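For reference, the structure discussed in these notes is given below.
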Amino acid sequence: MTLEVHIEKKLAEFALDLSFSADDAPLGILGPSGAGKTMLLRCIAGLEHPSRGSLVLGGKTLLDTQRGIRLPARKRRIGMLFQHYALFPHQSVRKNIAFSLTSLPAAERERRVRLMLERVHGVELKERYPRQLSGGEQQRVALARALANEPQALLLDEPLSALDTHLRSQMEVQLQETFSAYRGPALLVTHNIEEAYRLTSRLLVLSRGRIAALGAREEVFRKPPSVEVARLTGCKNISRARAVTEHMIEAIDWGCRLHVSQLPAGAILNCGIRAHHLDFAEHRSAGATDDNIFPCWLVRSSETPFRITLYLRLHKPPDESGSHDLQAEVFKEKWEHFRDRSQPWYIRLASDALFVMPE
Amino acid sequence: MAPAATDWSPLWISLESSLTATTITLILGLAAASWRQRHSGPAMALFDGACLLPLVLPPTVVGFFLLLLFGRNGPVGKLLLRFGASLVFSWPATVIAAAVVAFPLMYLTARAALEQVDSRFLEAARTLGASEWRAFRQIALPLAWPGVLAGTILSFARALGEFGATLMLAGNIPGRTATIPIAIYFAVEADDMRSATAWCAADLIISVALLSGLYYWTHAQGPARWARR
């Protein structure tokens, strides 16, 4: 089943204007807060009305402003998981899940409620009320409720943001299970890059109401089409650049020439490399510039339990301004190997990890 | 009126007309409040004003307007006359007078109660296939219920105590339109202090019962609902 989306809607600060289609592969919608992610979901669900646009789900037109078609939310059969779940507080879990099943005979309804709860591993929650559930349990019930009437599409709005860190990974597994069992377009809105990457196979990066990138997740991360997407997908090292030859650029902010695999058109470029793709070399190799290896000095570092982020200055020892050129992220085990070596260290910007973006 | 031969009719007339008026007020007040919730704009200030007018005006003024409307020469009165019916000085007049003065209380509390219901619950209901009516009946109304109930009890109390508008529109016909407040007034006027005292005591008992009921439903019962832990 395919969901074809074309939406134009004027918002306070910018306009939502985008077209894309989603199939059975889960699509992650990524973007900073206020980029229009939630508004997009609400337009698809029928809770907001785009000024222009069309929505076609599995061949059925849900919305076509030109032909004056606008199906109300209740007739769209789109399951939506709200950010804070919106479970009806005055109804038991059973009644919440059965809410969309009024057309079924009582016995069949009961069977379906049980089946839905089994799928989210929550059969024992059936007679409880939302207030008696933990955050994770609430999410499981909300998921069961959204899926109960076999919706044609599934929309999830920041499903994990209301949960504690330790619950998040648990619920991620639950979502993964749900996604793999679900047949139909599933859209997941999040501002968490890693969450989006782990849960979905395709990514749509939204920026101020427009599509900044759309494609397979690996593609979007390996070759971000713009500086904005590179930043939104967590790239810490970006430099202005210009082409020198067909396979060489000059990275202006980093003050060095770099070999690259291929160049996009245009004289003004940007290049970037992810912090964990930076590699420390034993020493400067004989081939010199061929390997994109440069001397660097440590400016400062910051630690997390298993990794360390190193802020590095290229070519020169750090000065009093404390400015750095590159951010490298390495596992602590590796860091132990070279932390006591005398500086400069040698860092490699491998050409297959480098990406070049048009201005 | 000696207690031995007490005429109990004011009590029954009061209770019947107040209950009927409260039922009408509850339905109309909820309808107006939920309609108002879905509409906004400068014209709505006028709507609000019209709904609250009976609260601001002295009951005698309300009664006077009702008399103009339902009297023999009034637009509604003329219409009723065509079907051979007359409203003024009849039992239904006590209901109308009580309903009109109680309406603003119901409207105000119902609106406040409905506005407090998180709109996400209604949106969730819509995405789950519920019609607007079903979302109102099964989600908005139960969630707003404590407030709506408080409004209902206030309206009932107001209807029970209604005097001015009732006297203007329904008059004082013992056994037909004489409610407790009217019975008290005319008992005092006739220097029948025993009856007046008895009816005042009856009013006091009903009021205390109502207020404790209100407290019980909104405070004592409220937090226990929906199995709060």
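As shown in the structure tokens, the chain order sets the letters A, B, ...; within each chain, residues go from 1, and ligands are also counted from 1 in the order they appear.
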
- Task: Can you check which residues of region 134-323 of chain A DSSP gives as helix (DSSP H, G or I) on the backbone and send them as a ChimeraX atom specification?
- Result: /A:135-147,165-181,193-199,217-222,227-232,275-277,288-291

- Task: Pull out every residue of chain A sitting within 9 Å of chain B, counting only C-alpha atoms, and send them as a ChimeraX atom specification.
- Result: /A:45-47,72-82,85-92,99-101,128-132,145-146,149

- Given only C-alpha atoms as the counted atoms, nearest of B:Ala112, B:Val148, B:Met106, B:Ile205 to Leu28 (chain B): B:Met106

- Note on the structure: Using only C-alpha atoms, the shortest atom-to-atom distance to Pro58 (chain B) among B:Met44, B:Ala31, B:Ala144, B:Ala165 belongs to B:Ala165

- Item | Residue neighbourhood region 181-191 of chain B, 12 Å, only C-alpha atoms, exclusion window fewer than 6 positions, as a PyMOL selection string | chain B and resi 1-2+7-11+13-15+94+158-168+170-175+197-204

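Straight-line separation from CA of Ala178 (chain B) to CA of Val95 (chain B): 11.9 Å.
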
- Please identify which residues in region 43-204 of chain A DSSP calls strand (DSSP E) from the backbone, and express them as a PyMOL selection string. chain A and resi 52-57+60-64+69-70+78-81+153-157+186-190+202-204

- In Å and to one decimal, CA of Arg42 (chain A) is distant from CA of Ala22 (chain A) by 16.0 Å

- By how many Å are CA of Pro224 (chain A) and CA of Gly255 (chain A) apart? 22.4 Å

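Shortest separation to Lys37 (chain A) among A:Arg168, A:Arg114, A:His6, A:Arg210 occurs at residue A:Arg210, atoms counted being only C-alpha atoms.
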
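Shell of Trp35 (chain B) at 12 Å, with only C-alpha atoms counted and residues fewer than 6 places along the chain excluded, is Leu28, Gly29, Met44, Phe47, Asp48, Tyr107, Ala110, Arg111, Leu114, Glu115, Glu132, Trp133 and Phe136 of chain B.
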